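Notes for the one structure printed next.
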Amino acid sequence: MARLLVACRLLFAQPGLGGRERVGAQIAVAAFAVLALYPAVGSDYHLAQLRDALLLAIFALSLDYLWGRTRMLVMGHALFFGIGAYGMAIATTRLGWPTGGGLLLGIAVAASVAAAVGYFLLYAGVRLHFFAVLTMAMSLIATQIAASWSSVTGGDVGILGVPPIEFSAFGLHYSGGDGTASYYGALFLAFLTMLVLWLACRAPYGLILEAIGSNENRARTLGFNTARQLLIAFTAAAALAAFAGALFATTAGVVAPDLLGTLLSTEVMIWVAIGGRGTFIGPLLATLLVHEASQTISSLSTSLWPLLLGALFLLIVFALPDGLVSLLRRRKEA
Amino acid sequence: MGLSTITRRRFGGLAVGLAGAAAFPRALRAAEAIRIGFLGPLSGALAFVGQTNQNCLDLAVSEINEAGGIAGRMLEVIAEDSQMSTKTTLDKARKLFQSDGVVAVTGMVLPSEREAALSIAAQVKRYVLFPNFDEGRCHPNLICTGLSINQSTVPMVRWLTSNVGKKIYVIASDLATNRQIMLGSLKAELDAQGGTLAGAQFFPFGARDFGPALQQVAAANPDIVWHAIGDDPITFVKQYASFGMKPQLVTPLVHESIAAATEDASVGNIGVESSYMSVDTEANRAFIDAYSRRFADFTPRRVRGKVVMLPHGEKTYVAAKLLSEAIRLGGGTDYDALRSGFGKVTLAAPRGTVKVDLAASHLVCDTLVGKVMPDRGIDVIARLGAIAPVCTGAKG
């Protein structure tokens with residue numbers, strides 16, 4: 001036990017704040033302040049949209065942790081988001097559990113699936129695009145299971161009537177059914193997730209992941225059990241994605257098979273890529289911006305929106321291959 | 001006008017205006033358009049169905065507006081693409097109801113789209129008008145303008161056992177509604193009529209090779225094959241014909257568009273629906289003619305000289321007409337007014353006279369048996385009467 005504590009202290013020891021990090025932290029604090037004041041001016045509709053975007057940002061952060069640090073791309077990441085959502089829906093509507101139990105069920109199932117599949121793939125040396133494509137296949141299989149196993153998943157219709165999260169603590173009552181309260185809940189959790197991931201990854205632990213990401217053979221030669229580190233990261237990312245999915249299910253009220261599918265998996269990669277891989281604040285803000293932009297653009301024209309949105313993404317990838325965050329970096333270097 | 005530009009004089013004008021608006025709300029509201037939301041798949045595999053629905057909604061709305069609107073108020077359509085995605089449907093339903101202030105949404109094709117729109121509609125107390133046949137879903141905020149299972153499958157099985165044969169084999173898409181509700185209702189009615197279920201096979205979406213299944217069907221030697229391959233009925237019907245299958249093919253997925261796309265493979269197929277292009281009513285002739293004139297460039301496909309129409313389109317058209325009548329009869333656009341309006345409506349729809357059964361969230365209208373003719377038109381060969389809808393799917 002004592003050894004574990006010492007190891008943790010070494011693994012997560014915090015270095016001093018670098019110049020670039022300071023800019024990132026300032027942006028994060030400013031963004032949090034703006035978002036915290038938003039309910040004063042935003043309409044109910046925009047508040048609900050932004051709340052969903054914040055929950056999706058947690059999902060994007062989970063992919064950024066994995067893809068940004070270890071360079072391990074997961075093309076079917078919505079699989080875990082969907083498992084979280086279904087776990088919550090099945091626990092609350094089928095089993096009569098409280099939402100807390102649903103949250104744990106979703107996370108536990110997603111983490112177990114990731115651990116089981118990841119164990120066989122990662123220890124067998126499956127990496128890069130092979131790994132990415134296999135996760136995509138898993139998400140397709142899961143979509144089909146969700147559409148077919150109707151007694152549990154509700155089939156193609158999905159599961160309806162997922163209740164909002166409600167709890168009381170320290171004499172305060174939180175009700176997810178209330179627009180403003182659920183917005184602040186999502187805002188708090190999204191920034192908390194970002195803070196935890198940022199603190200973990202700027203410590204030596206993040207350097208280990210970075211080392212594996214840039215050259216796994218070298219990291220293994222240095223004595224790191226790279227397969228185990230990747231498996232832990234993959235499982236943690238899956239659990240975090242499931243956490244986001246379970247929360248999303250409580251605000252949406254319904255879950256359906258496409259929450260496990262290719263479209264959402266693609267979107268989350270776009271958010272992370274546009275924000276800037278491995279920067280955490282980038283993907284978080286990019287999720288909010290891209291989500292809002294796709295809502296607005298797809299309402300402009302029902303026939304032209306895929307073209308407009310596609311052109312915008314291409315433009316960003318061409319102009320800013322390292323994401324929005326590179327804008328700052330370039331200005332600082334210039 | 002930004003806050004800083006409000007001078008005292010302007011503020012005075014504004015205050016007078018607001019007071020006037022408060023004093024004459026009725027007069028002010030008469031000028032506003034009533035908004036109706038379109039939310040259906042306009043991209044992806046079901047884009048053709050979604051666009052047909054949108055065309056039919058536009059047609060119905062312009063007909064209503066040309067006739068003077070509803071008590072002087074015009075109707076306006078706000079259209080959104082559901083992208084066949086649950087998340088997008090939730091987002092867009094929220095936008096339509098909360099930001100655009102539509103009184104109802106219609107145009108959905110998939111049950112998952114219906115549920116997503118319904119979950120938002122229930123929160124804001126508005127209506128979803130679902131223009132498709134379904135498993136018999138009931139909800140206080142829902143009206144389905146297609147047939148429920150007990151209006152389609154059940155009477156059809158009864159008709160088949162006395163007119164075609166008593167041994168049925170089922171081949172369907174692997175969906176919850178097919179596995180549980182459709183097959184369950186079909187088997188129960190078949191048992192009641194002294195028929196037998198020769199077998200049932202379910203295929204996941206995307207399945208394209210039905211050869212092995214068709215060989216098993218041939219070995220079972222049924223009188224009838226009941227098919228509900230929802231994602232690609234065209235491939236199924238073509239393979240069925242190319243295997244030279246003897247049993248009569250029967251399906252709830254029958255329309256002129258499939259008949260035209262499968263060339264001769266569909267000829268002789270029997271279907272159960274609430275409407276076909278050939279239904280002989282004055283309203284239907286006017287509807288098909290107006291659609292053919294207005295959307296002549298939409299698709300090159302023609303059946304009996306008219307632009308091909310999907311049954312979903314007629315259901316969307318009926319939804320819009322029902323809504324406008326309900327607003328007129330109920331005297332308002334809020335939920336309670338609409339509900340009382342829907343309860344009073346009798347509409348001369350293209351398919352015939354329809355009424356709303358509020359308790360069962362469906363319409364009372366005739367169930368029609370159609371047969372695909374060599375010219376790829378569909379003739380109505382039997383009318384099974386108006387059957388009261390029953391809730392067989394999820395409630396509330």
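Letters for chains follow the order of the structure tokens (A, B, ...), residue numbers begin at 1 for each chain, and ligand numbers begin at 1 in the order shown.
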List as a PyMOL selection string the protein and nucleic acid residues near stretch 138-151 of chain A, meaning an atom at most 6 Å away when only C-alpha atoms are counted, but skip any in the same chain fewer than 6 places from it. (chain A and resi 76+79+257+260-261) or (chain B and resi 174-176)
Which residues are near A:Thr93? Cut-off 9 Å, only C-alpha atoms, ignore same chain within fewer than 2 positions. Put them as a PyMOL selection string. chain A and resi 88-91+95-97+159-163
Closest atom pairs, residues of stretch 44-148 of chain A within 10 Å of stretch 189-202 of chain A, only C-alpha atoms, as a Markdown table:
| residue | atom | partner | partner_atom | distance |
| --- | --- | --- | --- | --- |
| A:Arg51 | CA | A:Ala190 | CA | 9.9 |
| A:Ala53 | CA | A:Ala190 | CA | 9.7 |
| A:Leu54 | CA | A:Ala190 | CA | 6.1 |
| A:Leu55 | CA | A:Ala190 | CA | 6.6 |
| A:Leu56 | CA | A:Ala190 | CA | 8.8 |
| A:Ala57 | CA | A:Ala190 | CA | 6.6 |
| A:Ile58 | CA | A:Ala190 | CA | 5.4 |
| A:Phe59 | CA | A:Ala190 | CA | 9.1 |
| A:Leu61 | CA | A:Met194 | CA | 6.9 |
| A:Ser62 | CA | A:Leu197 | CA | 8.8 |
| A:Asp64 | CA | A:Leu197 | CA | 9.6 |
| A:Tyr65 | CA | A:Leu197 | CA | 7.2 |
| A:Arg69 | CA | A:Cys201 | CA | 8.2 |
Expected file contents, prior selection, N, CA and C atoms, as a PDB file, in the first residue's frame:
ATOM      1  N   ARG A  51     -25.453  22.588 -23.253  1.00  0.00           N
ATOM      2  CA  ARG A  51     -25.296  21.537 -22.237  1.00  0.00           C
ATOM      3  C   ARG A  51     -24.942  20.206 -22.908  1.00  0.00           C
ATOM      4  N   ALA A  53     -23.557  19.847 -25.766  1.00  0.00           N
ATOM      5  CA  ALA A  53     -22.207  19.992 -26.332  1.00  0.00           C
ATOM      6  C   ALA A  53     -21.148  19.804 -25.245  1.00  0.00           C
ATOM      7  N   LEU A  54     -21.424  20.282 -24.036  1.00  0.00           N
ATOM      8  CA  LEU A  54     -20.456  20.115 -22.946  1.00  0.00           C
ATOM      9  C   LEU A  54     -20.297  18.643 -22.580  1.00  0.00           C
ATOM     10  N   LEU A  55     -21.413  17.902 -22.597  1.00  0.00           N
ATOM     11  CA  LEU A  55     -21.316  16.461 -22.312  1.00  0.00           C
ATOM     12  C   LEU A  55     -20.539  15.763 -23.427  1.00  0.00           C
ATOM     13  N   LEU A  56     -20.760  16.179 -24.663  1.00  0.00           N
ATOM     14  CA  LEU A  56     -20.009  15.600 -25.777  1.00  0.00           C
ATOM     15  C   LEU A  56     -18.534  15.983 -25.685  1.00  0.00           C
ATOM     16  N   ALA A  57     -18.265  17.129 -25.077  1.00  0.00           N
ATOM     17  CA  ALA A  57     -16.872  17.540 -24.904  1.00  0.00           C
ATOM     18  C   ALA A  57     -16.144  16.574 -23.967  1.00  0.00           C
ATOM     19  N   ILE A  58     -16.848  16.049 -22.961  1.00  0.00           N
ATOM     20  CA  ILE A  58     -16.228  15.031 -22.082  1.00  0.00           C
ATOM     21  C   ILE A  58     -15.848  13.816 -22.921  1.00  0.00           C
ATOM     22  N   PHE A  59     -16.756  13.455 -23.824  1.00  0.00           N
ATOM     23  CA  PHE A  59     -16.505  12.341 -24.737  1.00  0.00           C
ATOM     24  C   PHE A  59     -15.272  12.641 -25.602  1.00  0.00           C
ATOM     25  N   LEU A  61     -12.831  14.642 -24.861  1.00  0.00           N
ATOM     26  CA  LEU A  61     -11.645  14.620 -23.999  1.00  0.00           C
ATOM     27  C   LEU A  61     -11.134  13.197 -23.816  1.00  0.00           C
ATOM     28  N   SER A  62     -12.072  12.237 -23.715  1.00  0.00           N
ATOM     29  CA  SER A  62     -11.657  10.846 -23.516  1.00  0.00           C
ATOM     30  C   SER A  62     -10.876  10.338 -24.721  1.00  0.00           C
ATOM     31  N   ASP A  64      -9.214  12.374 -26.791  1.00  0.00           N
ATOM     32  CA  ASP A  64      -7.995  13.179 -26.863  1.00  0.00           C
ATOM     33  C   ASP A  64      -6.909  12.597 -25.964  1.00  0.00           C
ATOM     34  N   TYR A  65      -7.326  12.131 -24.791  1.00  0.00           N
ATOM     35  CA  TYR A  65      -6.396  11.516 -23.827  1.00  0.00           C
ATOM     36  C   TYR A  65      -5.664  10.345 -24.492  1.00  0.00           C
ATOM     37  N   ARG A  69      -2.242  11.549 -26.724  1.00  0.00           N
ATOM     38  CA  ARG A  69      -1.035  11.210 -25.955  1.00  0.00           C
ATOM     39  C   ARG A  69      -0.351   9.962 -26.491  1.00  0.00           C
TER      40      ARG A  69
END
Give me the residues within 8 Å of B:Arg351 as a VMD selection string, counting only C-alpha atoms and dropping any in the same chain fewer than 2 places off. chain B and resid 274 to 276 279 281 283 to 284 349 353 365 to 366
Would you pick out the contacts of stretch 354-360 of chain B at 7 Å or less, using only C-alpha atoms, so that residues sharing its chain but fewer than 5 positions from it are not included, and give the list as a list in words? Cys138, Phe342, Gly343, Val345, Thr346, Leu347, Ala348, Ala349, Cys365, Pro389, Val390 and Cys391 of chain B
Rank A:Ser301, A:Thr251, A:Ala239, A:Ser168 by their smallest atom-to-atom distance to A:Ala186, using only C-alpha atoms, and report the top residue only. A:Thr251
Within 9 Å of chain A, which residues of chain B show up? Give each one with its shortest atom-to-atom distance in Å (one decimal) and the two atoms involved, counting only C-alpha atoms, rows by chain then rising residue number, as JSON lines.
{"residue": "B:Leu42", "atom": "CA", "partner": "A:Thr302", "partner_atom": "CA", "distance": 6.9}
{"residue": "B:Ser43", "atom": "CA", "partner": "A:Ser303", "partner_atom": "CA", "distance": 7.7}
{"residue": "B:Ala79", "atom": "CA", "partner": "A:Thr302", "partner_atom": "CA", "distance": 7.0}
{"residue": "B:Glu80", "atom": "CA", "partner": "A:Thr302", "partner_atom": "CA", "distance": 6.0}
{"residue": "B:Asp81", "atom": "CA", "partner": "A:Thr302", "partner_atom": "CA", "distance": 5.7}
{"residue": "B:Met84", "atom": "CA", "partner": "A:Asp258", "partner_atom": "CA", "distance": 8.7}
{"residue": "B:Ser85", "atom": "CA", "partner": "A:Asp258", "partner_atom": "CA", "distance": 6.4}
{"residue": "B:Thr86", "atom": "CA", "partner": "A:Ala256", "partner_atom": "CA", "distance": 6.4}
{"residue": "B:Lys87", "atom": "CA", "partner": "A:Leu259", "partner_atom": "CA", "distance": 7.4}
{"residue": "B:Thr88", "atom": "CA", "partner": "A:Gln295", "partner_atom": "CA", "distance": 8.6}
{"residue": "B:Leu90", "atom": "CA", "partner": "A:Ala252", "partner_atom": "CA", "distance": 7.3}
{"residue": "B:Asp91", "atom": "CA", "partner": "A:Gln49", "partner_atom": "CA", "distance": 7.1}
{"residue": "B:Lys92", "atom": "CA", "partner": "A:Gln295", "partner_atom": "CA", "distance": 8.0}
{"residue": "B:Arg94", "atom": "CA", "partner": "A:Tyr45", "partner_atom": "CA", "distance": 6.7}
{"residue": "B:Lys95", "atom": "CA", "partner": "A:Tyr45", "partner_atom": "CA", "distance": 6.6}
{"residue": "B:Phe97", "atom": "CA", "partner": "A:Tyr45", "partner_atom": "CA", "distance": 8.9}
{"residue": "B:Gln98", "atom": "CA", "partner": "A:Tyr45", "partner_atom": "CA", "distance": 5.7}
{"residue": "B:Ser99", "atom": "CA", "partner": "A:Tyr45", "partner_atom": "CA", "distance": 6.1}
{"residue": "B:Leu110", "atom": "CA", "partner": "A:Val157", "partner_atom": "CA", "distance": 8.2}
{"residue": "B:Pro111", "atom": "CA", "partner": "A:Val157", "partner_atom": "CA", "distance": 5.4}
{"residue": "B:Ser112", "atom": "CA", "partner": "A:Val157", "partner_atom": "CA", "distance": 4.5}
{"residue": "B:Glu113", "atom": "CA", "partner": "A:Val157", "partner_atom": "CA", "distance": 8.2}
{"residue": "B:Arg114", "atom": "CA", "partner": "A:Val157", "partner_atom": "CA", "distance": 8.5}
{"residue": "B:Glu115", "atom": "CA", "partner": "A:Val157", "partner_atom": "CA", "distance": 7.0}
{"residue": "B:Ala116", "atom": "CA", "partner": "A:Val254", "partner_atom": "CA", "distance": 6.6}
{"residue": "B:Ser119", "atom": "CA", "partner": "A:Gly253", "partner_atom": "CA", "distance": 6.8}
{"residue": "B:Ile120", "atom": "CA", "partner": "A:Ala252", "partner_atom": "CA", "distance": 8.5}
{"residue": "B:Asp174", "atom": "CA", "partner": "A:Ser148", "partner_atom": "CA", "distance": 5.8}
{"residue": "B:Leu175", "atom": "CA", "partner": "A:Ser148", "partner_atom": "CA", "distance": 5.6}
{"residue": "B:Ala176", "atom": "CA", "partner": "A:Gly155", "partner_atom": "CA", "distance": 4.6}
{"residue": "B:Thr177", "atom": "CA", "partner": "A:Gly155", "partner_atom": "CA", "distance": 7.6}
{"residue": "B:Arg179", "atom": "CA", "partner": "A:Ser150", "partner_atom": "CA", "distance": 8.3}
{"residue": "B:Gln180", "atom": "CA", "partner": "A:Ser150", "partner_atom": "CA", "distance": 8.3}
{"residue": "B:Pro204", "atom": "CA", "partner": "A:Gln144", "partner_atom": "CA", "distance": 7.2}
{"residue": "B:Phe205", "atom": "CA", "partner": "A:Gln144", "partner_atom": "CA", "distance": 8.1}
Using only N, CA, C and O atoms, please write the residues we just selected to a file, as a CSV table (one decimal), in the first residue's frame.
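Produced file selection_2.csv, reproduced below:
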chain,number,residue,atom,x,y,z
B,42,LEU,N,-33.2,13.9,-45.0
B,42,LEU,CA,-33.0,14.6,-46.3
B,42,LEU,C,-31.7,14.2,-46.9
B,42,LEU,O,-31.3,14.7,-47.9
B,43,SER,N,-30.9,13.5,-46.1
B,43,SER,CA,-29.6,13.0,-46.6
B,43,SER,C,-29.5,11.5,-46.2
B,43,SER,O,-30.2,11.1,-45.3
B,79,ALA,N,-38.0,23.6,-42.4
B,79,ALA,CA,-37.5,22.2,-42.6
B,79,ALA,C,-36.2,22.0,-42.0
B,79,ALA,O,-35.3,22.8,-42.0
B,80,GLU,N,-36.0,20.8,-41.5
B,80,GLU,CA,-34.7,20.4,-40.9
B,80,GLU,C,-34.4,18.9,-41.3
B,80,GLU,O,-35.3,18.1,-41.5
B,81,ASP,N,-33.1,18.6,-41.5
B,81,ASP,CA,-32.7,17.3,-41.9
B,81,ASP,C,-32.4,16.5,-40.6
B,81,ASP,O,-31.6,16.9,-39.8
B,84,MET,N,-31.0,10.9,-40.3
B,84,MET,CA,-31.3,9.5,-39.8
B,84,MET,C,-30.6,9.3,-38.5
B,84,MET,O,-30.3,8.1,-38.1
B,85,SER,N,-30.3,10.3,-37.7
B,85,SER,CA,-29.6,10.2,-36.5
B,85,SER,C,-30.4,10.6,-35.3
B,85,SER,O,-31.2,11.6,-35.4
B,86,THR,N,-30.4,9.8,-34.2
B,86,THR,CA,-31.2,10.1,-33.0
B,86,THR,C,-30.8,11.4,-32.4
B,86,THR,O,-31.6,12.3,-32.1
B,87,LYS,N,-29.5,11.6,-32.3
B,87,LYS,CA,-28.9,12.8,-31.7
B,87,LYS,C,-29.4,14.1,-32.5
B,87,LYS,O,-29.8,15.0,-31.9
B,88,THR,N,-29.2,14.0,-33.8
B,88,THR,CA,-29.6,15.1,-34.6
B,88,THR,C,-31.1,15.4,-34.5
B,88,THR,O,-31.5,16.5,-34.5
B,90,LEU,N,-33.0,14.8,-32.1
B,90,LEU,CA,-33.3,15.5,-30.8
B,90,LEU,C,-32.9,17.0,-30.9
B,90,LEU,O,-33.7,17.8,-30.5
B,91,ASP,N,-31.7,17.2,-31.4
B,91,ASP,CA,-31.3,18.6,-31.5
B,91,ASP,C,-32.2,19.5,-32.4
B,91,ASP,O,-32.6,20.6,-32.0
B,92,LYS,N,-32.6,18.9,-33.5
B,92,LYS,CA,-33.4,19.7,-34.5
B,92,LYS,C,-34.9,19.8,-33.9
B,92,LYS,O,-35.5,20.8,-34.2
B,94,ARG,N,-35.7,20.0,-30.8
B,94,ARG,CA,-35.6,21.1,-29.8
B,94,ARG,C,-35.5,22.5,-30.5
B,94,ARG,O,-36.2,23.4,-30.0
B,95,LYS,N,-34.8,22.6,-31.6
B,95,LYS,CA,-34.7,23.9,-32.3
B,95,LYS,C,-36.1,24.2,-32.8
B,95,LYS,O,-36.6,25.4,-32.7
B,97,PHE,N,-39.1,23.2,-32.0
B,97,PHE,CA,-40.2,23.5,-31.0
B,97,PHE,C,-39.8,24.8,-30.2
B,97,PHE,O,-40.6,25.7,-29.9
B,98,GLN,N,-38.6,24.8,-29.7
B,98,GLN,CA,-38.2,25.9,-28.7
B,98,GLN,C,-37.8,27.2,-29.3
B,98,GLN,O,-38.0,28.2,-28.8
B,99,SER,N,-37.1,27.1,-30.5
B,99,SER,CA,-36.5,28.3,-31.1
B,99,SER,C,-37.4,28.8,-32.2
B,99,SER,O,-37.7,30.0,-32.3
B,110,LEU,N,-38.2,6.9,-39.7
B,110,LEU,CA,-37.8,5.8,-38.8
B,110,LEU,C,-38.4,5.9,-37.4
B,110,LEU,O,-38.7,7.0,-37.0
B,111,PRO,N,-38.7,4.8,-36.8
B,111,PRO,CA,-39.3,4.8,-35.5
B,111,PRO,C,-38.3,5.5,-34.5
B,111,PRO,O,-38.8,6.2,-33.6
B,112,SER,N,-37.0,5.4,-34.7
B,112,SER,CA,-36.1,6.1,-33.8
B,112,SER,C,-36.2,7.6,-33.9
B,112,SER,O,-36.1,8.3,-32.9
B,113,GLU,N,-36.5,8.1,-35.1
B,113,GLU,CA,-36.7,9.5,-35.3
B,113,GLU,C,-38.0,10.0,-34.6
B,113,GLU,O,-38.1,11.0,-34.0
B,114,ARG,N,-39.0,9.1,-34.8
B,114,ARG,CA,-40.3,9.4,-34.1
B,114,ARG,C,-40.1,9.6,-32.6
B,114,ARG,O,-40.6,10.5,-32.0
B,115,GLU,N,-39.4,8.6,-32.0
B,115,GLU,CA,-39.2,8.6,-30.5
B,115,GLU,C,-38.4,9.8,-30.1
B,115,GLU,O,-38.7,10.4,-29.1
B,116,ALA,N,-37.4,10.2,-30.9
B,116,ALA,CA,-36.5,11.4,-30.5
B,116,ALA,C,-37.4,12.6,-30.5
B,116,ALA,O,-37.3,13.4,-29.6
B,119,SER,N,-39.9,12.7,-27.7
B,119,SER,CA,-39.4,13.0,-26.3
B,119,SER,C,-39.3,14.5,-26.1
B,119,SER,O,-39.5,15.0,-25.0
B,120,ILE,N,-39.0,15.3,-27.1
B,120,ILE,CA,-38.9,16.7,-27.0
B,120,ILE,C,-40.4,17.3,-27.0
B,120,ILE,O,-40.7,18.1,-26.2
B,174,ASP,N,-34.4,-7.6,-39.2
B,174,ASP,CA,-34.2,-7.9,-37.8
B,174,ASP,C,-34.4,-6.7,-36.9
B,174,ASP,O,-33.5,-6.0,-36.5
B,175,LEU,N,-35.7,-6.3,-36.7
B,175,LEU,CA,-36.0,-5.2,-35.9
B,175,LEU,C,-37.0,-5.6,-34.8
B,175,LEU,O,-37.7,-6.6,-34.9
B,176,ALA,N,-36.9,-4.9,-33.6
B,176,ALA,CA,-37.7,-5.3,-32.5
B,176,ALA,C,-39.2,-5.4,-32.9
B,176,ALA,O,-39.9,-6.3,-32.5
B,177,THR,N,-39.6,-4.4,-33.6
B,177,THR,CA,-41.0,-4.3,-34.0
B,177,THR,C,-41.4,-5.5,-34.8
B,177,THR,O,-42.5,-6.0,-34.7
B,179,ARG,N,-39.8,-8.6,-34.9
B,179,ARG,CA,-39.7,-9.8,-34.2
B,179,ARG,C,-40.8,-10.0,-33.2
B,179,ARG,O,-41.4,-11.1,-33.1
B,180,GLN,N,-41.1,-9.0,-32.4
B,180,GLN,CA,-42.1,-9.1,-31.3
B,180,GLN,C,-43.5,-8.8,-31.8
B,180,GLN,O,-44.4,-9.7,-31.8
B,204,PRO,N,-30.3,-8.9,-40.6
B,204,PRO,CA,-29.9,-7.6,-40.2
B,204,PRO,C,-29.9,-6.6,-41.4
B,204,PRO,O,-29.9,-7.0,-42.5
B,205,PHE,N,-30.0,-5.3,-41.0
B,205,PHE,CA,-29.9,-4.2,-42.0
B,205,PHE,C,-28.6,-4.4,-42.8
B,205,PHE,O,-27.6,-4.7,-42.2
Quick one: residues within 6 Å of stretch 124-136 of chain B, only C-alpha atoms, excluding same-chain residues fewer than 4 positions away - as an MDAnalysis selection string? chainID B and resid 104:106 141:149 312 315:316 335 391:393
Which of stretch 217-330 of chain A counts as helix (DSSP H, G or I) under DSSP, as a count of residues only please? 91
Name the residues in contact with B:Phe298 at a cut-off of 10 Å, using only C-alpha atoms, excluding same-chain residues fewer than 4 positions from it; report them as a CSV table (one decimal) with N, CA and C atoms, in the first residue's frame.
chain,number,residue,atom,x,y,z
B,48,PHE,N,-34.7,9.9,-50.4
B,48,PHE,CA,-35.8,9.9,-51.4
B,48,PHE,C,-37.1,10.0,-50.6
B,51,GLN,N,-37.5,13.4,-48.9
B,51,GLN,CA,-37.7,14.5,-49.8
B,51,GLN,C,-39.2,14.4,-50.4
B,52,THR,N,-39.6,13.2,-50.6
B,52,THR,CA,-41.0,13.0,-51.0
B,52,THR,C,-42.0,13.6,-49.9
B,55,ASN,N,-41.8,17.3,-50.1
B,55,ASN,CA,-42.6,17.8,-51.2
B,55,ASN,C,-44.1,17.8,-50.9
B,292,SER,N,-47.8,15.8,-59.5
B,292,SER,CA,-47.2,15.5,-60.8
B,292,SER,C,-46.8,16.8,-61.5
B,294,ARG,N,-46.4,19.8,-60.0
B,294,ARG,CA,-45.4,20.6,-59.2
B,294,ARG,C,-44.1,20.0,-59.1
B,307,VAL,N,-46.0,11.3,-61.8
B,307,VAL,CA,-44.7,11.2,-61.1
B,307,VAL,C,-45.0,10.2,-59.9
B,308,VAL,N,-44.0,9.3,-59.7
B,308,VAL,CA,-44.1,8.3,-58.7
B,308,VAL,C,-44.3,8.9,-57.3
What is the atom CA of B:Ser62 to atom CA of B:Ile327 distance in Å? 16.3 Å
